[in-house]
Amino acid sequence: MNDTIHMATLPRKKTQIPGLRLALLLLLFGSHQLCAKIKFEENIRPILERSCLKCHGGEKVKGHVDFSKIKTEADSDSRFELWETVTEMIDAGEMPPEDNPQLSPEEKSMILDWYQERLRAPIEPLPGTFRPRRLSGPEYRNTLRSLFGFDLEVAIAEAQQTVVGEQSLVLKLLPKDPPGPSGFVNDTHAAPLSPVILEQYAFLTDAAIEKLFAKNQRSQLEEMIGEKLPEKWAPSDLSSDQAKSLMRRFLPRALRRKVSDERLRAGLDPLEDKSGPELLTTLKFEMKAVLLSPSFLYRGILVERFPGTQQRVDSFELAERLSYFLWEDMPDDELMALAADGSLMKEEILTAQVERMLKAPQAKSLAGSFGVQWLGIANLDELIKNPITHHSLRTQPVLFLNHLFTENRPVIELISSKTTFVNEGVSGFYGQDRGKMKRHKKPKGIERQTTPFNKFTLEKATWRGGIITMPGILTMNRGPIQRGTWLLRRVLGVRLGEPPADVPPIKPSPKGQKLTFRERFEKHRKDPSCARCHEKIDPLGFALDAYDTNGRFMNQNGKTANGPDTSGKLPTGENFDDYAGLKEILLGPQKEKIIRNSVERTLSYAMCRKLTRTDQPTIDRITKNIVKNNGTWKDLFVEIVNSLPFRETIFAGKTEK
């Protein structure tokens with residue numbers, strides 16, 4: 001029997017113990033009061049040491065589960081998402097494996113009861129412990145662009161029939177940030193500032209400062225100095241007053257907060273008694289020193305703090321949290337002004353800023369960064385090599401997400417929406433509805449080119465609608481197993497581990513038999529080590545089997561005698577005949593699970609960290625409000641920025657600024 005533990009669903013609600021097992025627990029332990037006395041260190045830890053550490057601890061760690069590091073109640077809480085899977089496998093008799101010491105009925109019941117009591121125990125909502133973090137690559141690029149008023153770009157020869165590659169010099173040079181424990185690249189708490197990255201920062205800083213003083217950037221320089229410059233003015237004509245004026249504007253914007261008189265003097269004093277080229281060189285040096293300082297490269301270095309206490313973050317930290325969440329960029333002048341006078345701390349002002357910021361062009365980052373990472377849309381980058389096809393399949397879901405996020409659409413429209421975006425590259429997937437699309441006239445001599453997207457309402461293409469059936473999503477998840485796994489992980493929020501390494505491939509049809517993939521797969525999934533996950537994956541994946549590997553719907557009339565079997569039954573008991581029936585279930589009994597996952601993913605991205613057990617009360621409250629009021633994405637964003645984790649923090653220990 002396979003002994004790999006797979007990550008499953010995060011605890012969503014109080015799990016009900018079947019009546020027979022509950023009776024057994026009461027007989028074994030007498031009362032709720034006695035059950036509540038079960039302690040992890042005294043009662044649970046010894047069981048794990050005896051029966052689990054052989055495969056899940058020390059030198060041997062299977063399934064990425066190391067019980068040797070879970071020694072206290074606090075340690076167990078930090079891995080709260082693990083215990084549902086552990087108890088599920090223990091209850092099913094799948095763990096421990098047969099060659100390990102087995103659990104007695106009393107030990108099984110003790111673990112199961114401890115888990116139930118941990119779920120029932122009231123949790124005090126707490127914010128996370130404050131940790132400064134480095135700007136991610138996209139955040140750094142956007143911040144540098146907003147600070148100077150221009151982007152640093154590489155020269156790329158463009159042709160109409162090709163898709164232009166990455167033009168940002170910043171993103172070309174900086175190493176890509178790996179996803180942190182949260183799964184998002186803005187979770188950079190553990191990402192070190194390596195010598196290579198620092199060297200690239202120095203190069204990019206020099207490039208930005210030199211470009212600022214170039215002749216074709218005169219308008220940006222005038223804005224930073226605060227005055228109109230003479231037509232024949234040259235950088236060597238820079239006066240002391242102009243240099244100081246630039247530094248007074250530059251420092252608070254670069255540090256993203258009001259600076260003290262002492263810090264301002266430190267930037268101005270070196271400019272004294274200098275003129276001409278020497279003044280210009282000194283100014284550039286001081287600007288570079290700011291841009292290479294931790295105060296610029298990291299968020300939170302300068303935040304006002306009181307070690308050892310839980311407190312509200314200051315107004316400038318709140319402005320940063322808001323702007324990097326919604327825009328992936330530094331606060332603009334309006335946010336800085338509201339932070340400076342303290343009014344941003346008012347809930348109604350913060351809410352109004354969310355509404356304003358969602359209307360700004362920068363809000364596209366919610367779809368282009370958060371949405372792409374959450375749903376794994378970047379997987380298309382390696383899969384689709386044709387640049388025209390890639391552009392169509394990848395852009396469509398991003399435009400759809402941007403529509404949901406910025407146009408105040410209900411959260412559940414992620415699953416079902418009549419609004420879509422279509423260009424010539426994906427129009428063939430939409431049947432008769434494609435006739436509503438505006439035709440794009442192709443320039444003479446161009447065989448293929450990217451074409452603009454049209455927004456329209458679906459009428460006849462009832463097999464489309466929402467993110468799940470978009471051609472790009474179906475194409476990057478080819479086959480029922482990939483599609484079911486994607487839907488479980490990305491949409492429903494089920495935590496699944498990687499398949500065991502020793503799982504045999506699916507066997508072809510026996511000689512003389514013509515079995516479908518589903519029929520052949522039924523034999524494969526009978527392996528006990530596979531069945532537990534596949535009973536969750538398979539129904540979802542086979543519901544989408546009426547779409548071919550390229551995402552094309554194979555039969556607009558639904559299931560036929562010769563078509564694929566798209567029926568199924570979920571582990572929770574709901575039956576369906578096809579994806580249309582499954583979608584009704586997703587919009588009904590499974591709606592809360594989908595919204596909860598949306599809340600969790602959004603909060604995790606906003607906080608740039610993996611969520612903890614003390615975030616669960618916040619998730620519960622926001623989920624309840626969104627479900628009850630059929631809340632929109634704007635409602636969700638407002639709930640998050642006004643939540644305790646977003647507005648408060650805990651400063652642990654003594655921290656030097």
# chains A, B, ... in the order shown; residues from 1 in each chain; ligands from 1
call {"tool": "select_by_dssp", "arguments": {"residues": "segment 343-438 of chain A", "states": "alpha helix (DSSP H)", "output": "number ranges by chain"}}
result
A: 347-358, 365, 372-375, 380-383, 387-406
call {"tool": "residues_around", "arguments": {"residues": "Ser323 of chain A", "least_positions_apart": "5", "cutoff": "10 Å", "atoms": "only C-alpha atoms", "output": "ChimeraX atom specification"}}
result
/A:317-318,328-332,335,353-354,357,362-363,606
call {"tool": "residues_around", "arguments": {"residues": "Thr469 of chain A", "least_positions_apart": "3", "cutoff": "9 Å", "atoms": "only C-alpha atoms", "output": "VMD selection string"}}
result
chain A and resid 415 463 to 466 472 to 474 544 547 551
call {"tool": "residues_around", "arguments": {"residues": "segment 249-266 of chain A", "least_positions_apart": "4", "cutoff": "9 Å", "atoms": "only C-alpha atoms", "output": "PyMOL selection string"}}
result
chain A and resi 143-144+147+224-226+244-245+270+287+290-291+295-296+302-303+315-317+319-320+330-333+336+339-340
call {"tool": "write_last_selection", "arguments": {"atoms": "C-alpha atoms", "output": "tab-separated table (two decimals), in the first residue's frame"}}
result
chain	number	residue	atom	x	y	z
A	143	THR	CA	7.69	51.28	-9.09
A	144	LEU	CA	10.69	52.48	-11.09
A	147	LEU	CA	8.86	57.11	-9.87
A	224	MET	CA	10.66	66.26	-10.68
A	225	ILE	CA	12.40	69.63	-10.34
A	226	GLY	CA	9.10	71.51	-10.16
A	244	LYS	CA	17.62	70.43	-3.89
A	245	SER	CA	14.10	70.84	-5.24
A	270	PRO	CA	26.09	66.76	-0.01
A	287	MET	CA	19.67	59.40	-6.07
A	290	VAL	CA	18.41	55.97	-2.33
A	291	LEU	CA	17.41	53.51	-5.07
A	295	SER	CA	14.29	51.38	2.24
A	296	PHE	CA	13.52	51.47	-1.50
A	302	LEU	CA	10.63	52.28	7.62
A	303	VAL	CA	7.21	51.38	9.02
A	315	SER	CA	-1.02	55.11	7.15
A	316	PHE	CA	1.92	54.90	4.73
A	317	GLU	CA	2.23	51.13	5.18
A	319	ALA	CA	-1.17	52.92	1.38
A	320	GLU	CA	1.61	50.58	0.23
A	330	MET	CA	3.74	52.22	-5.54
A	331	PRO	CA	1.10	54.60	-4.14
A	332	ASP	CA	0.20	57.52	-6.39
A	333	ASP	CA	0.02	61.17	-5.27
A	336	MET	CA	0.29	59.58	-0.50
A	339	ALA	CA	-1.63	58.80	4.05
A	340	ALA	CA	0.14	62.04	4.99
call {"tool": "residues_around", "arguments": {"residues": "segment 195-197 of chain A", "least_positions_apart": "3", "cutoff": "8 Å", "atoms": "only C-alpha atoms", "output": "PyMOL selection string"}}
result
chain A and resi 174-175+200-201
call {"tool": "write_last_selection", "arguments": {"atoms": "N, CA and C atoms", "output": "CSV table (one decimal), in the first residue's frame"}}
result
chain,number,residue,atom,x,y,z
A,174,LEU,N,16.4,41.1,-14.5
A,174,LEU,CA,16.2,40.5,-13.2
A,174,LEU,C,15.8,39.0,-13.3
A,175,PRO,N,16.4,38.2,-12.4
A,175,PRO,CA,16.0,36.8,-12.4
A,175,PRO,C,14.5,36.7,-12.0
A,200,GLN,N,22.4,43.9,-10.8
A,200,GLN,CA,21.4,44.3,-11.8
A,200,GLN,C,20.6,45.5,-11.4
A,201,TYR,N,20.3,45.6,-10.1
A,201,TYR,CA,19.7,46.8,-9.6
A,201,TYR,C,20.6,48.1,-9.9
call {"tool": "atom_distance", "arguments": {"atom1": "atom CA of Glu459 of chain A", "atom2": "atom CA of Glu407 of chain A"}}
result
20.7 Å
call {"tool": "atom_distance", "arguments": {"atom1": "atom CA of Leu587 of chain A", "atom2": "atom CA of Ser392 of chain A"}}
result
27.7 Å
